[in-house]
Structures are given as structure tokens and as C-alpha cells.
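Trainee: So that you have it, the file is input-v3.cif, and it contains mmCIF, C-alpha atoms:
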```
data_model
loop_
_atom_site.label_atom_id
_atom_site.label_comp_id
_atom_site.auth_asym_id
_atom_site.auth_seq_id
_atom_site.Cartn_x
_atom_site.Cartn_y
_atom_site.Cartn_z
CA MET W 10 69.64 114.53 92.37
CA GLY W 11 72.31 112.64 90.56
CA ILE W 12 75.83 113.17 89.48
CA PHE W 13 74.71 113.50 85.87
CA SER W 14 72.86 116.71 86.69
CA THR W 15 76.05 118.20 88.16
CA LEU W 16 77.54 117.97 84.68
CA GLU W 17 74.61 120.00 83.42
CA VAL W 18 75.09 122.61 86.15
CA SER W 19 78.82 122.97 85.49
CA GLY W 20 78.13 123.00 81.75
CA SER W 21 75.77 125.94 82.10
CA ALA W 22 78.51 127.84 83.92
CA LEU W 23 81.06 126.99 81.23
CA ALA W 24 78.68 128.32 78.56
CA ALA W 25 77.93 131.48 80.55
CA GLU W 26 81.59 132.25 81.24
CA ARG W 27 82.49 131.64 77.60
CA ALA W 28 79.74 134.07 76.54
CA ARG W 29 81.12 136.59 79.02
CA ALA W 30 84.61 136.23 77.54
CA GLU W 31 83.13 136.73 74.06
CA VAL W 32 81.37 139.92 75.13
CA ILE W 33 84.59 141.22 76.68
CA ALA W 34 86.50 140.40 73.48
CA ALA W 35 83.88 142.30 71.48
CA ASN W 36 84.29 145.29 73.80
CA MET W 37 88.04 145.31 73.33
CA ALA W 38 87.80 144.83 69.57
CA ASN W 39 85.41 147.79 69.30
CA SER W 40 87.28 150.15 71.59
CA GLU W 41 87.75 152.64 68.72
CA THR W 42 84.52 152.01 66.80
CA THR W 43 82.70 155.26 66.06
CA ARG W 44 79.99 153.91 63.77
CA THR W 45 77.34 151.31 64.61
CA ALA W 46 74.05 150.18 63.09
CA GLN W 47 72.17 152.11 65.80
CA GLY W 48 74.23 155.20 65.05
CA GLY W 49 76.81 156.81 67.29
CA PRO W 50 79.84 155.10 68.81
CA PHE W 51 79.91 151.48 70.04
CA ARG W 52 78.51 151.10 73.56
CA ARG W 53 80.29 148.85 76.04
CA LYS W 54 78.33 145.61 76.65
CA VAL W 55 77.96 143.93 80.02
CA VAL W 56 76.58 140.45 80.74
CA VAL W 57 73.89 139.85 83.36
CA PHE W 58 73.96 136.45 85.08
CA SER W 59 71.12 134.88 87.03
CA SER W 60 71.03 131.62 88.92
CA ALA W 61 68.73 129.10 87.23
CA GLY W 62 66.72 126.60 89.24
CA ALA W 63 67.20 122.95 88.42
CA SER W 64 65.07 122.04 85.43
CA THR W 65 61.49 121.29 86.42
CA PHE W 66 61.41 118.08 84.40
CA ARG W 67 64.28 116.62 86.36
CA LEU W 68 62.79 117.69 89.66
CA LEU W 69 59.47 116.08 88.80
CA LEU W 70 61.27 112.96 87.70
CA ALA W 71 63.09 112.82 91.00
CA GLY W 72 59.98 113.58 93.03
CA TYR W 73 61.53 116.77 94.34
CA ASN W 74 58.84 119.08 93.05
CA HIS W 75 58.51 120.85 96.39
CA LEU W 76 62.13 121.88 96.02
CA ALA W 77 61.58 123.60 92.68
CA GLY W 78 61.85 127.07 94.16
CA ARG W 79 65.10 126.66 95.98
CA SER W 80 66.99 123.76 94.54
CA PRO W 81 70.21 125.19 93.16
CA GLY W 82 70.76 124.85 89.47
CA GLY W 83 73.22 126.30 87.06
CA VAL W 84 73.72 129.82 85.89
CA ARG W 85 71.97 131.56 83.05
CA LEU W 86 72.99 134.50 80.89
CA VAL W 87 69.78 136.54 81.01
CA GLN W 88 70.81 139.67 79.21
CA VAL W 89 73.63 141.42 77.41
CA ALA W 90 73.04 144.99 78.53
CA GLU W 91 74.66 148.22 77.42
CA ASP W 92 76.81 150.25 79.74
CA SER W 93 75.11 153.59 80.33
CA ALA W 94 78.38 155.51 80.69
CA PRO W 95 78.58 158.46 78.25
CA PRO W 96 81.08 158.18 75.36
CA ILE W 97 84.48 159.81 75.55
CA VAL W 98 84.80 162.85 73.30
CA ARG W 99 88.08 163.73 71.64
CA TYR W 100 88.88 166.79 69.56
CA GLU W 101 89.65 165.52 66.06
CA PRO W 102 88.31 168.04 63.51
CA GLY W 103 89.60 166.03 60.53
CA HIS W 104 87.73 162.84 61.50
CA PRO W 105 84.74 162.00 59.23
CA ASP W 106 82.54 161.37 62.30
CA ALA W 107 83.40 164.65 64.01
CA ASN W 108 80.50 166.95 64.92
CA GLU W 109 80.26 170.65 63.97
CA SER W 110 82.63 171.67 66.78
CA GLY W 111 85.19 169.03 65.74
CA PHE W 112 84.62 166.51 68.53
CA VAL W 113 84.43 162.73 67.92
CA ALA W 114 82.54 160.45 70.35
CA TYR W 115 84.56 157.29 71.13
CA PRO W 116 83.34 154.24 73.08
CA ASN W 117 83.92 154.49 76.82
CA ILE W 118 86.06 151.35 77.14
CA ASN W 119 88.86 150.94 79.63
CA PRO W 120 91.24 148.21 78.38
CA ILE W 121 92.54 147.49 81.89
CA GLN W 122 89.03 146.92 83.20
CA GLU W 123 88.28 144.62 80.26
CA MET W 124 91.48 142.63 80.80
CA ALA W 125 90.73 142.20 84.51
CA ASP W 126 87.21 141.10 83.63
CA LEU W 127 88.55 138.64 81.06
CA MET W 128 90.88 137.13 83.64
CA GLY W 129 87.93 136.70 85.98
CA ALA W 130 85.97 134.92 83.25
CA VAL W 131 88.90 132.62 82.44
CA ARG W 132 89.44 131.71 86.09
CA ALA W 133 85.75 130.97 86.59
CA TYR W 134 85.83 128.83 83.44
CA GLN W 135 88.80 126.86 84.78
CA LEU W 136 87.09 126.39 88.13
CA ASN W 137 84.01 124.91 86.50
CA ALA W 138 86.10 122.78 84.17
CA SER W 139 87.76 121.25 87.23
CA ALA W 140 84.30 120.63 88.71
CA VAL W 141 83.37 118.75 85.51
CA ASN W 142 86.51 116.65 85.91
CA ALA W 143 85.61 115.84 89.51
CA SER W 144 82.08 114.78 88.52
CA LYS W 145 83.45 112.70 85.69
CA MET W 146 85.85 110.91 88.01
CA MET W 147 83.06 110.15 90.47
CA LEU W 148 80.94 108.72 87.65
CA GLN W 149 83.81 106.59 86.45
CA GLN W 150 84.38 105.26 89.94
CA SER W 151 80.73 104.27 90.16
CA LEU W 152 81.00 102.50 86.80
CA GLU W 153 83.97 100.58 88.18
CA LEU W 154 81.49 98.74 90.39
CA LEU W 155 80.17 97.00 87.29
CA LYS W 156 83.51 95.42 86.50
CA MET P 24 66.99 87.70 100.38
CA ALA P 25 67.47 91.14 101.78
CA LEU P 26 70.28 93.31 100.50
CA LEU P 27 73.31 93.21 102.75
CA PRO P 28 72.83 95.93 105.38
CA ILE P 29 76.25 97.41 104.73
CA LEU P 30 75.34 97.98 101.08
CA GLN P 31 72.23 99.84 102.18
CA LEU P 32 74.33 102.02 104.48
CA LEU P 33 76.80 102.70 101.70
CA GLU P 34 74.01 103.62 99.32
CA GLY P 35 72.80 106.26 101.77
CA TYR P 36 76.32 107.53 102.29
CA LEU P 37 76.96 107.84 98.56
CA GLY P 38 73.63 109.60 98.11
CA VAL P 39 74.53 112.26 100.67
CA ALA P 40 77.99 112.70 99.14
CA ALA P 41 76.46 113.08 95.67
CA THR P 42 73.94 115.65 96.94
CA ARG P 43 76.72 117.67 98.50
CA HIS P 44 78.78 117.40 95.34
CA GLN P 45 75.88 118.81 93.37
CA LEU P 46 75.53 121.76 95.72
CA ILE P 47 79.25 122.51 95.44
CA THR P 48 79.11 122.47 91.63
CA ALA P 49 76.05 124.75 91.75
CA ASN P 50 77.98 127.16 94.00
CA MET P 51 80.91 127.10 91.59
CA ALA P 52 78.60 127.69 88.63
CA ASN P 53 77.16 130.77 90.33
CA ILE P 54 80.47 132.35 91.32
CA ASP P 55 79.64 135.45 89.23
CA THR P 56 75.88 135.64 89.85
CA PRO P 57 75.00 138.80 91.78
CA GLY P 58 73.13 138.16 95.04
CA TYR P 59 73.80 134.39 95.08
CA HIS P 60 74.44 132.81 98.48
CA THR P 61 76.54 129.69 99.05
CA GLN P 62 74.34 126.63 99.60
CA ASP P 63 75.31 123.58 101.60
CA ILE P 64 73.98 120.66 103.63
CA ASP P 65 75.10 119.42 107.02
CA PHE P 66 76.78 116.15 106.04
CA ARG P 67 76.50 114.54 109.46
CA SER P 68 72.81 115.24 110.05
CA GLU P 69 71.88 114.31 106.47
CA LEU P 70 73.72 111.02 106.85
CA HIS P 71 71.88 110.32 110.11
CA LYS P 72 68.59 111.20 108.44
CA VAL P 73 69.23 108.78 105.57
CA LEU P 74 70.48 105.99 107.82
CA ASP P 75 67.64 106.31 110.34
CA SER P 76 64.90 106.19 107.73
CA ASP P 77 64.53 102.86 105.97
CA ARG P 78 64.73 104.15 102.46
CA GLY P 79 65.72 107.44 100.85
CA GLY P 80 63.35 109.89 99.21
CA LEU P 81 63.74 112.44 101.96
CA ALA P 82 64.54 115.92 100.69
CA PRO P 83 67.90 117.19 101.90
CA ALA P 84 67.81 120.28 104.13
CA VAL P 85 69.68 122.82 102.02
CA HIS P 86 70.72 125.97 103.82
CA SER P 87 72.71 129.11 103.07
CA VAL P 88 76.15 129.07 104.66
CA PRO P 89 76.53 131.85 107.24
CA GLY P 90 79.68 133.80 107.99
CA LEU P 91 81.10 134.07 104.50
CA LEU P 92 82.53 137.35 103.24
CA GLN P 93 80.03 139.00 100.93
CA ARG P 94 81.22 140.89 97.88
CA PRO P 95 79.63 144.22 96.92
CA ASP P 96 77.33 142.48 94.39
CA GLY P 97 75.81 140.37 97.19
CA ASN P 98 77.56 137.15 96.14
CA ASP P 99 79.39 135.23 98.89
CA VAL P 100 80.84 132.21 97.02
CA ASN P 101 84.36 131.54 98.28
CA LEU P 102 86.51 129.89 95.63
CA ASP P 103 88.90 128.28 98.11
CA ARG P 104 86.12 126.86 100.24
CA GLU P 105 84.40 125.31 97.23
CA SER P 106 87.60 123.87 95.73
CA LEU P 107 88.53 122.30 99.05
CA LEU P 108 85.06 120.86 99.56
CA LEU P 109 85.01 119.54 96.00
CA ALA P 110 88.20 117.56 96.67
CA GLU P 111 86.91 116.41 100.06
CA THR P 112 83.56 115.23 98.70
CA GLN P 113 85.27 113.43 95.86
CA MET P 114 87.42 111.52 98.33
CA GLN P 115 84.41 110.71 100.52
CA TYR P 116 82.59 109.38 97.47
CA GLN P 117 85.63 107.33 96.48
CA ILE P 118 85.76 105.77 99.94
CA GLY P 119 82.12 104.71 99.64
CA VAL P 120 82.60 103.24 96.17
CA GLN P 121 85.74 101.36 97.18
CA ILE P 122 84.10 99.81 100.24
CA MET P 123 81.09 98.86 98.14
CA LYS P 124 83.37 97.28 95.57
CA SER P 125 85.19 95.24 98.20
CA GLU P 126 81.83 94.09 99.58
CA PHE P 127 80.83 92.82 96.14
CA HIS P 128 84.16 91.05 95.82
CA ARG P 129 83.61 89.40 99.18
CA LEU P 130 80.19 88.25 98.04
CA LEU P 131 81.64 87.00 94.76
CA SER P 132 84.39 85.02 96.46
CA ALA P 133 81.78 83.39 98.71
CA ILE P 134 79.86 82.34 95.59
CA ASN P 135 82.93 81.10 93.74
CA GLU P 136 84.40 79.14 96.65
CA GLY P 137 81.16 77.21 96.93
CA LYS P 138 81.72 75.59 93.54
#
```
Output the structure of this file as C-alpha cells.
Mentor:
Amino acid sequence: MGIFSTLEVSGSALAAERARAEVIAANMANSETTRTAQGGPFRRKVVVFSSAGASTFRLLLAGYNHLAGRSPGGVRLVQVAEDSAPPIVRYEPGHPDANESGFVAYPNINPIQEMADLMGAVRAYQLNASAVNASKMMLQQSLELLK
Amino acid sequence: MALLPILQLLEGYLGVAATRHQLITANMANIDTPGYHTQDIDFRSELHKVLDSDRGGLAPAVHSVPGLLQRPDGNDVNLDRESLLLAETQMQYQIGVQIMKSEFHRLLSAINEGK
């Protein structure tokens, strides 16, 4: 276990949180989208995170193979799933996507929920960015020994 | 010539601090992972373990931290706890590096004065 691998761990979290922010942005951008390639209105997307074990190569290199199962690693975005909530229907008979009874199916997206989620992603990103800074400072201090 | 004993002690100390730092960053990385539990080591007992054995290579005893408030998704990472520990570990590491540096300077001055 070295300080260099902590950069990798924090980096994985930065990537995951950025992807989460992107998904949230896509949800907000498509809050009124009634047509998609799959047909029907846009479905709200949610990210699924899973903790990733430290990479096996590194563990082998460090002789920590017996730790492979439980050594903490970074985080991994395993899936971008669709929210199963039914779409919101509004009565708009003049809309081109209205059904026979005049109802249009709109995506079930709550802007307040998305904003709160986005704030969570930003805060988590900042937290991990500060962890990167801390690791970087520790590395620099160790390099000072060479001077 | 054997390495100065204090340098060996400092090496162990820095190793434990680095291990703890890695666990803290892993906890921070998993702040949004459902079902993740905060991982930590006992600094004191790990330090004793490293100092008592001649050389490193011993696996640190990583355990889940009990008594933390669990969120509905099963995650119990506490942002304040991790931020505080990150700062603390960084300082501990800095102490070790500074002492090591001063030891090297002492050694260097002994070499230079002999000229």
C-alpha cells in the first residue's frame, strides 16, 4: 500500500461523481422530452455505485494477495439504470405525441430532487479533490527528503 | 553498517500513517456507495506491531468502525470524521518526514565536519 495508490482511489471517486453529475444534468435537460429512440417519454436515469477492491495487480505486487477480498479500493460506476416510476400524464390534446384521449406522457423528473442530487455529487467531488490534495502534499513532503 | 535505529522506527511510523491515509481516502471515495462501511485501523496497535517485528510485510488489521450512524442505504461514512482524520494523518505523516529529514541532516553534518 503506497500513497500513489491513494491517488488512484480518489481519482476513481472523482470520475464516478463526475459521471453522476452528468447523468443528473441529462435528467434535467430531458425533463420535457416526450420522444426517445426507444419510444415513449425519456426515463429518469440513476447511477449505481459499487466499491471496487484494490486492483489485483497492485496487491500481488505488494504481496497482499490474501487481502484481495477486503482491501478497500475506489468506487466504480457499475450501471446507469432507469427509474421505474411511471411517466406523468398531462392533458394536452393539441400535442403531436398525445394519445387518442388527448393525454401526453412526460418524464417523471422532479427538478428539486435533481438539484439536491447534483449538490450531493458536487460536494462529494470536492471532498475527494481535497483528499487528492492531501495525498499530493504527503508525496511532496516525502520527496523533500531527497533534497 | 546497520541503518540508524531511529530511521527504522520512522519508516514503520510512516508506513502506518500511509496505510491509514489510504483507508481514509477509500472511505471518502465510497461516500455514496450503498452498503459501504467505514474502514479503519487502530493506529496504536499497528504501530506496535510494526515496531515489534523486525521488518514490515505484516498485513494491517483493517476493521469496520462501529458506532457510526448508518444512512438508509446502509452506508455509514461520516464526512466530518473522515475530513478530520485526513488532516490528522497528514500532520502525523509530516511529523515523521520532518524528523527523518533532521536525522539525515545530522548525519550529513557529521560527515561534513569530518573533512
Trainee: Counting all atoms listed in the file, which residues of chain P come no farther than 7 Å from chain W, as an MDAnalysis selection string?
Mentor: chainID P and resid 41:42 45:46 48:49 51:53 56 113 117 120 124
Trainee: Report, in Å to a single decimal, how far apart atom CA of W:Phe51 and atom CA of W:Tyr115 are.
Mentor: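 Atom CA of W:Tyr115 sits 7.5 Å away from atom CA of W:Phe51.
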Trainee: In Å, with one decimal, what is the gap from atom CA of P:Leu30 to atom CA of P:Ile64?
Mentor: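 Going from atom CA of P:Leu30 over to atom CA of P:Ile64, I get 22.9 Å.
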Trainee: Have a look at atom CA of P:Tyr116 and atom CA of P:Tyr36 and let me know their distance in Å, one decimal.
Mentor: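 Straight-line distance from atom CA of P:Tyr116 to atom CA of P:Tyr36 works out to 8.1 Å.
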Trainee: Just the residues within 12 Å of P:Ser125, please, counting all atoms listed in the file, with nothing from its chain fewer than 2 positions along; format it as a compact mmCIF listing (two decimals) with C-alpha atoms, in the coordinates of the input.
Mentor:
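Output file out-v6.txt is given in full below:
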```txt
# COMPACT_ATOMS: atom_id res chain seq x y z
CA GLU W 153 83.97 100.58 88.18
CA LEU W 154 81.49 98.74 90.39
CA LYS W 156 83.51 95.42 86.50
CA ILE P 29 76.25 97.41 104.73
CA LEU P 30 75.34 97.98 101.08
CA LEU P 33 76.80 102.70 101.70
CA ILE P 118 85.76 105.77 99.94
CA GLY P 119 82.12 104.71 99.64
CA VAL P 120 82.60 103.24 96.17
CA GLN P 121 85.74 101.36 97.18
CA ILE P 122 84.10 99.81 100.24
CA MET P 123 81.09 98.86 98.14
CA PHE P 127 80.83 92.82 96.14
CA HIS P 128 84.16 91.05 95.82
CA ARG P 129 83.61 89.40 99.18
CA LEU P 130 80.19 88.25 98.04
CA LEU P 131 81.64 87.00 94.76
CA SER P 132 84.39 85.02 96.46
```
Trainee: Starting from the PyMOL selection byres ((chain W and resi 38) around 12), expand the selection into actual residues of this file and give them as a list in words.
Mentor: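 Evaluating the PyMOL selection byres ((chain W and resi 38) around 12) on these coordinates yields Glu31, Val32, Ile33, Ala34, Ala35, Asn36, Met37, Asn39, Ser40, Glu41, Thr42, Phe51, Arg52, Arg53, Lys54, Pro116, Ile118, Asn119, Pro120 and Glu123 of chain W.
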Trainee: Let me make sure I understand: among P:Gln93, P:Ser87, P:Ala133, P:Asp65, which one has the smallest atom-to-atom distance to P:Arg43 if we use only C-alpha atoms?
Mentor: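 Checking each of P:Gln93, P:Ser87, P:Ala133, P:Asp65 against P:Arg43, counting only C-alpha atoms, the winner is P:Asp65.
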Trainee: For W:Arg99, please output as a ChimeraX atom specification all residues within 10 Å (counting only C-alpha atoms; exclusion window: fewer than 6 positions along the same chain).
Mentor: /W:107,111-115
Trainee: Smallest atom-to-atom distance to P:Gly97: which of P:Leu32, P:Ile47, P:Ile54, P:Leu37, using all atoms listed in the file?
Mentor: P:Ile54
Trainee: Between P:Glu111, P:Glu126, P:Asp96, P:Glu34, which has the minimum distance to P:His60 (counting all atoms listed in the file)?
Mentor: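 For P:His60, the nearest of the candidates is P:Asp96.
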